[in-house]
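One file, coords.txt, carrying compact mmCIF, N, CA and C atoms:
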```txt
# COMPACT_ATOMS: atom_id res chain seq x y z
N ASN A 1 5.58 3.19 10.34
CA ASN A 1 6.78 3.38 9.56
C ASN A 1 6.42 4.07 8.24
N PRO A 2 7.05 5.20 7.95
CA PRO A 2 6.72 5.88 6.69
C PRO A 2 7.20 5.09 5.48
N SER A 3 6.55 5.35 4.36
CA SER A 3 6.96 4.76 3.09
C SER A 3 8.37 5.22 2.76
N PRO A 4 9.16 4.39 2.05
CA PRO A 4 10.52 4.80 1.68
C PRO A 4 10.54 6.05 0.79
N ASP A 5 9.44 6.34 0.09
CA ASP A 5 9.37 7.52 -0.78
C ASP A 5 8.99 8.78 -0.02
N TRP A 6 8.59 8.67 1.23
CA TRP A 6 8.13 9.82 2.00
C TRP A 6 9.29 10.75 2.32
N GLN A 7 9.13 12.02 1.98
CA GLN A 7 10.17 13.02 2.22
C GLN A 7 9.69 14.10 3.20
N GLY A 8 8.64 13.81 3.94
CA GLY A 8 8.08 14.76 4.89
C GLY A 8 6.92 15.53 4.29
N ALA A 9 6.28 16.35 5.11
CA ALA A 9 5.14 17.15 4.68
C ALA A 9 5.61 18.13 3.60
N TYR A 10 5.03 18.01 2.41
CA TYR A 10 5.44 18.84 1.28
C TYR A 10 4.47 18.59 0.14
N TRP A 11 4.77 19.17 -1.02
CA TRP A 11 3.97 18.95 -2.24
C TRP A 11 4.55 17.78 -3.02
N TYR A 12 3.68 16.89 -3.48
CA TYR A 12 4.08 15.70 -4.22
C TYR A 12 3.30 15.61 -5.53
N ARG A 13 3.98 15.17 -6.57
CA ARG A 13 3.32 14.81 -7.83
C ARG A 13 3.39 13.29 -7.95
N MET A 14 2.29 12.65 -8.26
CA MET A 14 2.26 11.20 -8.40
C MET A 14 2.58 10.84 -9.85
N LEU A 15 3.48 9.88 -10.00
CA LEU A 15 3.98 9.51 -11.32
C LEU A 15 3.91 8.00 -11.53
N PRO A 16 3.76 7.56 -12.80
CA PRO A 16 3.81 6.12 -13.09
C PRO A 16 5.17 5.55 -12.68
N PRO A 17 5.24 4.32 -12.32
CA PRO A 17 4.19 3.31 -12.39
C PRO A 17 3.24 3.30 -11.20
N ALA A 18 3.48 4.16 -10.20
CA ALA A 18 2.61 4.16 -9.01
C ALA A 18 1.21 4.65 -9.33
N GLY A 19 1.09 5.50 -10.33
CA GLY A 19 -0.19 6.11 -10.68
C GLY A 19 -0.01 7.60 -10.84
N THR A 20 -1.06 8.28 -11.28
CA THR A 20 -0.95 9.71 -11.55
C THR A 20 -1.87 10.58 -10.69
N MET A 21 -2.77 9.96 -9.94
CA MET A 21 -3.68 10.74 -9.11
C MET A 21 -4.23 9.88 -7.97
N MET A 22 -4.74 10.56 -6.94
CA MET A 22 -5.36 9.84 -5.83
C MET A 22 -6.77 9.42 -6.24
N PRO A 23 -7.20 8.24 -5.84
CA PRO A 23 -8.55 7.79 -6.19
C PRO A 23 -9.62 8.59 -5.44
N GLU A 24 -10.75 8.76 -6.10
CA GLU A 24 -11.90 9.45 -5.52
C GLU A 24 -12.94 8.46 -5.02
N LYS A 25 -12.59 7.20 -5.00
CA LYS A 25 -13.47 6.18 -4.44
C LYS A 25 -12.62 5.17 -3.68
N ARG A 26 -13.26 4.44 -2.84
CA ARG A 26 -12.59 3.48 -1.95
C ARG A 26 -11.96 2.34 -2.76
N PRO A 27 -10.63 2.17 -2.67
CA PRO A 27 -9.99 1.07 -3.39
C PRO A 27 -10.14 -0.27 -2.67
N GLY A 28 -10.40 -0.23 -1.38
CA GLY A 28 -10.51 -1.45 -0.59
C GLY A 28 -9.24 -1.70 0.22
N GLN A 29 -9.44 -2.32 1.35
CA GLN A 29 -8.33 -2.65 2.24
C GLN A 29 -7.31 -3.52 1.51
N TYR A 30 -6.04 -3.35 1.84
CA TYR A 30 -4.90 -4.11 1.30
C TYR A 30 -4.55 -3.73 -0.13
N HIS A 31 -5.17 -2.70 -0.70
CA HIS A 31 -4.78 -2.25 -2.04
C HIS A 31 -3.71 -1.17 -1.91
N CYS A 32 -3.11 -0.83 -3.03
CA CYS A 32 -2.05 0.19 -3.08
C CYS A 32 -0.87 -0.20 -2.20
N SER A 33 -0.62 -1.49 -2.10
CA SER A 33 0.53 -2.04 -1.37
C SER A 33 0.54 -1.67 0.11
N THR A 34 -0.63 -1.56 0.72
CA THR A 34 -0.69 -1.27 2.14
C THR A 34 -1.97 -1.83 2.76
N TYR A 35 -1.96 -1.90 4.06
CA TYR A 35 -3.12 -2.38 4.82
C TYR A 35 -4.28 -1.39 4.77
N ALA A 36 -3.95 -0.07 4.85
CA ALA A 36 -4.99 0.96 4.94
C ALA A 36 -4.74 2.06 3.91
N PRO A 37 -5.21 1.86 2.66
CA PRO A 37 -4.98 2.86 1.62
C PRO A 37 -5.82 4.12 1.82
N GLY A 38 -5.22 5.26 1.50
CA GLY A 38 -5.92 6.54 1.60
C GLY A 38 -6.51 6.97 0.27
N TYR A 39 -7.75 7.43 0.29
CA TYR A 39 -8.43 7.89 -0.92
C TYR A 39 -9.19 9.17 -0.59
N LEU A 40 -9.55 9.93 -1.60
CA LEU A 40 -10.21 11.21 -1.41
C LEU A 40 -11.68 11.05 -1.05
N LEU A 41 -12.14 11.91 -0.15
CA LEU A 41 -13.56 12.02 0.17
C LEU A 41 -14.11 13.28 -0.50
N GLY A 42 -13.67 13.52 -1.69
CA GLY A 42 -14.07 14.69 -2.46
C GLY A 42 -13.52 14.56 -3.86
N LYS A 43 -13.57 15.63 -4.59
CA LYS A 43 -13.15 15.64 -6.00
C LYS A 43 -11.87 16.46 -6.18
N HIS A 44 -11.18 16.18 -7.28
CA HIS A 44 -10.04 16.98 -7.69
C HIS A 44 -10.52 18.34 -8.22
N PRO A 45 -9.69 19.37 -8.10
CA PRO A 45 -10.06 20.66 -8.68
C PRO A 45 -10.15 20.57 -10.20
N THR A 46 -11.08 21.28 -10.79
CA THR A 46 -11.30 21.19 -12.23
C THR A 46 -10.70 22.35 -13.01
N GLU A 47 -10.44 23.47 -12.36
CA GLU A 47 -9.90 24.65 -13.04
C GLU A 47 -8.38 24.70 -12.90
N PHE A 48 -7.70 25.14 -13.95
CA PHE A 48 -6.25 25.29 -13.92
C PHE A 48 -5.84 26.22 -12.77
N ALA A 49 -4.84 25.84 -12.02
CA ALA A 49 -4.27 26.58 -10.89
C ALA A 49 -5.19 26.64 -9.67
N GLU A 50 -6.32 25.95 -9.72
CA GLU A 50 -7.23 25.90 -8.58
C GLU A 50 -6.69 24.94 -7.54
N THR A 51 -6.76 25.33 -6.28
CA THR A 51 -6.35 24.48 -5.17
C THR A 51 -7.54 24.24 -4.26
N LEU A 52 -7.75 22.99 -3.90
CA LEU A 52 -8.82 22.61 -2.98
C LEU A 52 -8.23 21.88 -1.79
N GLU A 53 -8.88 22.06 -0.63
CA GLU A 53 -8.56 21.26 0.54
C GLU A 53 -9.58 20.13 0.57
N VAL A 54 -9.11 18.88 0.61
CA VAL A 54 -9.98 17.71 0.52
C VAL A 54 -9.63 16.73 1.64
N LYS A 55 -10.64 16.10 2.20
CA LYS A 55 -10.40 15.07 3.21
C LYS A 55 -9.94 13.78 2.54
N VAL A 56 -9.05 13.07 3.21
CA VAL A 56 -8.60 11.75 2.79
C VAL A 56 -9.03 10.75 3.86
N CYS A 57 -9.59 9.65 3.41
CA CYS A 57 -10.01 8.57 4.29
C CYS A 57 -9.03 7.41 4.15
N PHE A 58 -8.65 6.81 5.26
CA PHE A 58 -7.79 5.62 5.24
C PHE A 58 -8.67 4.42 5.58
N ASP A 59 -8.74 3.49 4.65
CA ASP A 59 -9.65 2.35 4.68
C ASP A 59 -9.02 1.16 5.40
N GLN A 60 -9.64 0.77 6.51
CA GLN A 60 -9.18 -0.43 7.20
C GLN A 60 -10.21 -1.55 7.15
N GLY A 61 -11.04 -1.53 6.09
CA GLY A 61 -11.92 -2.65 5.83
C GLY A 61 -13.26 -2.63 6.51
N ALA A 62 -13.56 -1.63 7.32
CA ALA A 62 -14.84 -1.59 8.02
C ALA A 62 -15.94 -0.99 7.16
N GLY A 63 -15.62 -0.57 5.94
CA GLY A 63 -16.62 0.02 5.06
C GLY A 63 -16.84 1.50 5.32
N GLU A 64 -16.06 2.07 6.20
CA GLU A 64 -16.15 3.50 6.48
C GLU A 64 -14.74 4.00 6.81
N CYS A 65 -14.62 5.29 6.98
CA CYS A 65 -13.32 5.87 7.31
C CYS A 65 -12.87 5.43 8.69
N PHE A 66 -11.70 4.86 8.76
CA PHE A 66 -11.13 4.53 10.06
C PHE A 66 -10.38 5.74 10.59
N ARG A 67 -9.60 6.38 9.71
CA ARG A 67 -8.89 7.61 10.05
C ARG A 67 -9.02 8.59 8.89
N LYS A 68 -8.92 9.88 9.19
CA LYS A 68 -9.00 10.91 8.16
C LYS A 68 -7.87 11.93 8.36
N THR A 69 -7.54 12.60 7.26
CA THR A 69 -6.65 13.75 7.30
C THR A 69 -7.05 14.69 6.17
N GLN A 70 -6.44 15.84 6.11
CA GLN A 70 -6.71 16.82 5.05
C GLN A 70 -5.50 16.91 4.13
N VAL A 71 -5.74 17.10 2.84
CA VAL A 71 -4.67 17.37 1.88
C VAL A 71 -5.10 18.56 1.03
N ASN A 72 -4.13 19.21 0.43
CA ASN A 72 -4.40 20.24 -0.57
C ASN A 72 -4.06 19.65 -1.93
N ILE A 73 -4.90 19.97 -2.92
CA ILE A 73 -4.68 19.47 -4.28
C ILE A 73 -4.73 20.67 -5.22
N THR A 74 -3.71 20.80 -6.07
CA THR A 74 -3.68 21.87 -7.07
C THR A 74 -3.72 21.26 -8.46
N ASN A 75 -4.59 21.82 -9.30
CA ASN A 75 -4.70 21.42 -10.71
C ASN A 75 -3.62 22.16 -11.49
N CYS A 76 -2.69 21.41 -12.07
CA CYS A 76 -1.59 21.98 -12.86
C CYS A 76 -1.80 21.76 -14.35
N GLY A 77 -3.02 21.56 -14.77
CA GLY A 77 -3.33 21.35 -16.19
C GLY A 77 -3.34 19.88 -16.54
N ASP A 78 -2.18 19.31 -16.86
CA ASP A 78 -2.08 17.91 -17.23
C ASP A 78 -1.84 16.98 -16.05
N PHE A 79 -1.68 17.55 -14.86
CA PHE A 79 -1.41 16.73 -13.68
C PHE A 79 -1.84 17.51 -12.44
N TYR A 80 -1.81 16.82 -11.30
CA TYR A 80 -2.13 17.42 -10.01
C TYR A 80 -0.91 17.33 -9.12
N VAL A 81 -0.81 18.27 -8.17
CA VAL A 81 0.16 18.14 -7.09
C VAL A 81 -0.63 18.12 -5.79
N TYR A 82 -0.09 17.40 -4.83
CA TYR A 82 -0.78 17.14 -3.57
C TYR A 82 0.08 17.64 -2.41
N GLY A 83 -0.49 18.50 -1.60
CA GLY A 83 0.15 18.94 -0.37
C GLY A 83 -0.20 17.94 0.72
N LEU A 84 0.75 17.06 1.03
CA LEU A 84 0.48 15.95 1.94
C LEU A 84 1.13 16.16 3.30
N GLN A 85 0.43 15.70 4.31
CA GLN A 85 0.96 15.61 5.67
C GLN A 85 1.27 14.14 5.93
N ALA A 86 1.98 13.85 6.99
CA ALA A 86 2.24 12.46 7.35
C ALA A 86 0.91 11.74 7.55
N ALA A 87 0.82 10.51 7.05
CA ALA A 87 -0.39 9.71 7.24
C ALA A 87 -0.58 9.47 8.74
N PRO A 88 -1.83 9.44 9.22
CA PRO A 88 -2.08 9.39 10.66
C PRO A 88 -1.75 8.08 11.36
N GLY A 89 -1.66 6.97 10.64
CA GLY A 89 -1.42 5.69 11.30
C GLY A 89 -0.24 4.94 10.72
N CYS A 90 0.24 3.96 11.44
CA CYS A 90 1.43 3.19 11.03
C CYS A 90 1.26 2.48 9.68
N PHE A 91 0.06 1.99 9.39
CA PHE A 91 -0.17 1.24 8.16
C PHE A 91 -0.97 2.02 7.13
N ASP A 92 -1.14 3.32 7.37
CA ASP A 92 -1.86 4.18 6.44
C ASP A 92 -0.88 4.68 5.37
N ARG A 93 -1.31 4.63 4.10
CA ARG A 93 -0.52 5.15 2.99
C ARG A 93 -1.46 5.84 2.02
N TYR A 94 -0.98 6.91 1.40
CA TYR A 94 -1.75 7.56 0.35
C TYR A 94 -1.74 6.66 -0.88
N CYS A 95 -2.90 6.46 -1.46
CA CYS A 95 -3.06 5.60 -2.63
C CYS A 95 -2.97 6.45 -3.90
N SER A 96 -2.46 5.88 -4.97
CA SER A 96 -2.49 6.54 -6.28
C SER A 96 -2.82 5.50 -7.34
N TYR A 97 -3.34 5.99 -8.45
CA TYR A 97 -3.68 5.11 -9.56
C TYR A 97 -3.67 5.93 -10.83
N THR A 98 -3.73 5.27 -11.94
CA THR A 98 -3.91 5.92 -13.24
C THR A 98 -5.33 5.62 -13.67
N PRO A 99 -6.08 6.63 -14.13
CA PRO A 99 -7.47 6.36 -14.54
C PRO A 99 -7.56 5.14 -15.46
N ASP A 100 -8.58 4.35 -15.26
CA ASP A 100 -8.83 3.09 -15.99
C ASP A 100 -7.90 1.97 -15.56
N GLN A 101 -7.17 2.14 -14.48
CA GLN A 101 -6.28 1.11 -13.95
C GLN A 101 -7.00 0.36 -12.84
N ILE A 102 -6.72 -0.91 -12.71
CA ILE A 102 -7.22 -1.71 -11.61
C ILE A 102 -6.30 -1.46 -10.43
N TYR A 103 -6.89 -1.26 -9.24
CA TYR A 103 -6.09 -1.03 -8.04
C TYR A 103 -5.29 -2.28 -7.71
N LEU A 104 -4.03 -2.09 -7.39
CA LEU A 104 -3.16 -3.21 -7.02
C LEU A 104 -2.87 -3.20 -5.54
```
Write-out of the structure in structure tokens:
Amino acid sequence: NPSPDWQGAYWYRMLPPAGTMMPEKRPGQYHCSTYAPGYLLGKHPTEFAETLEVKVCFDQGAGECFRKTQVNITNCGDFYVYGLQAAPGCFDRYCSYTPDQIYL
């Protein structure tokens, strides 16, 4: 079942209170209000207007990627936008956080 905020494959900007960016490290199973949170297996682009294709891992607690997908990330200066596809599994959700925030 998709998240109520899901509007289909498109570009998304992450905003508070959900967070402002996807994590670049594993948040752990059951974080980000889902069973299998998605996090980046790479880094955000560092240059303005740069777009990178990055793998996303969905964590189901085994300590490794249970499922993966690709996303595009564009650096817009003060924020990022994410070209997202539907998450591959029923309980998979893209995770977001604000730097220095504890994952919820």
Contacts of A:Gly42 within 6.5 Å, all atoms listed in the file, excl. fewer than 5 positions in-chain, as a PDB file with N, CA and C atoms, keeping the file's coordinate frame:
```pdb
ATOM      1  N   GLU A  24     -10.750   8.760  -6.100  1.00  0.00           N
ATOM      2  CA  GLU A  24     -11.900   9.450  -5.520  1.00  0.00           C
ATOM      3  C   GLU A  24     -12.940   8.460  -5.020  1.00  0.00           C
ATOM      4  N   VAL A  54      -9.110  18.880   0.610  1.00  0.00           N
ATOM      5  CA  VAL A  54      -9.980  17.710   0.520  1.00  0.00           C
ATOM      6  C   VAL A  54      -9.630  16.730   1.640  1.00  0.00           C
ATOM      7  N   LYS A  55     -10.640  16.100   2.200  1.00  0.00           N
ATOM      8  CA  LYS A  55     -10.400  15.070   3.210  1.00  0.00           C
ATOM      9  C   LYS A  55      -9.940  13.780   2.540  1.00  0.00           C
TER      10      LYS A  55
END
```
Atom pair atom C of A:Asp59 + atom N of A:Gln29, distance 5.4 Å
Residue neighbourhood A:Ser3, 8 Å, only N, CA and C atoms, exclusion window fewer than 2 positions, as a PyMOL selection string | chain A and resi 1+5-7+92-93
Contacts of A:Phe79 at 8 Å or less, counting all atoms listed in the file, minus same-chain residues fewer than 6 places along, as a PyMOL selection string?
-> chain A and resi 13-14+20-21
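The spacing separating atom N of A:Pro23 from atom CA of A:Gly77 amounts to 17.1 Å.
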If you count all atoms listed in the file, which residues fall within 8 Å of A:His44, apart from same-chain ones fewer than 4 positions away, as a PyMOL selection string?
-> chain A and resi 23-24+40+50-52+73-75
Based on the selection just made, write N, CA and C atoms of those residues as a compact mmCIF listing (two decimals), keeping the file's coordinate frame.
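So again39.txt came out as:
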```
# COMPACT_ATOMS: atom_id res chain seq x y z
N PRO A 23 -7.20 8.24 -5.84
CA PRO A 23 -8.55 7.79 -6.19
C PRO A 23 -9.62 8.59 -5.44
N GLU A 24 -10.75 8.76 -6.10
CA GLU A 24 -11.90 9.45 -5.52
C GLU A 24 -12.94 8.46 -5.02
N LEU A 40 -9.55 9.93 -1.60
CA LEU A 40 -10.21 11.21 -1.41
C LEU A 40 -11.68 11.05 -1.05
N GLU A 50 -6.32 25.95 -9.72
CA GLU A 50 -7.23 25.90 -8.58
C GLU A 50 -6.69 24.94 -7.54
N THR A 51 -6.76 25.33 -6.28
CA THR A 51 -6.35 24.48 -5.17
C THR A 51 -7.54 24.24 -4.26
N LEU A 52 -7.75 22.99 -3.90
CA LEU A 52 -8.82 22.61 -2.98
C LEU A 52 -8.23 21.88 -1.79
N ILE A 73 -4.90 19.97 -2.92
CA ILE A 73 -4.68 19.47 -4.28
C ILE A 73 -4.73 20.67 -5.22
N THR A 74 -3.71 20.80 -6.07
CA THR A 74 -3.68 21.87 -7.07
C THR A 74 -3.72 21.26 -8.46
N ASN A 75 -4.59 21.82 -9.30
CA ASN A 75 -4.70 21.42 -10.71
C ASN A 75 -3.62 22.16 -11.49
```
Could you pull out the residues in chain A that DSSP calls strand (DSSP E) from the backbone, as a PyMOL selection string?
-> chain A and resi 10-13+36-40+51-59+65-75+80-84+92-94
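Nearest to A:Arg26 of all the residues A:Phe58, A:Phe66, A:Trp11, A:Phe48 is A:Phe58, counting only C-alpha atoms.
Using only N, CA and C atoms for every distance, the candidate list A:Leu41, A:Tyr10, A:Met22, A:Ala49 yields A:Met22 as the residue closest to A:Tyr94.
Of the residues under consideration (A:Pro16, A:Thr69, A:His31, A:Lys43), A:Thr69 shows the shortest atom-to-atom contact distance to A:Gln85 when counting only C-alpha atoms.
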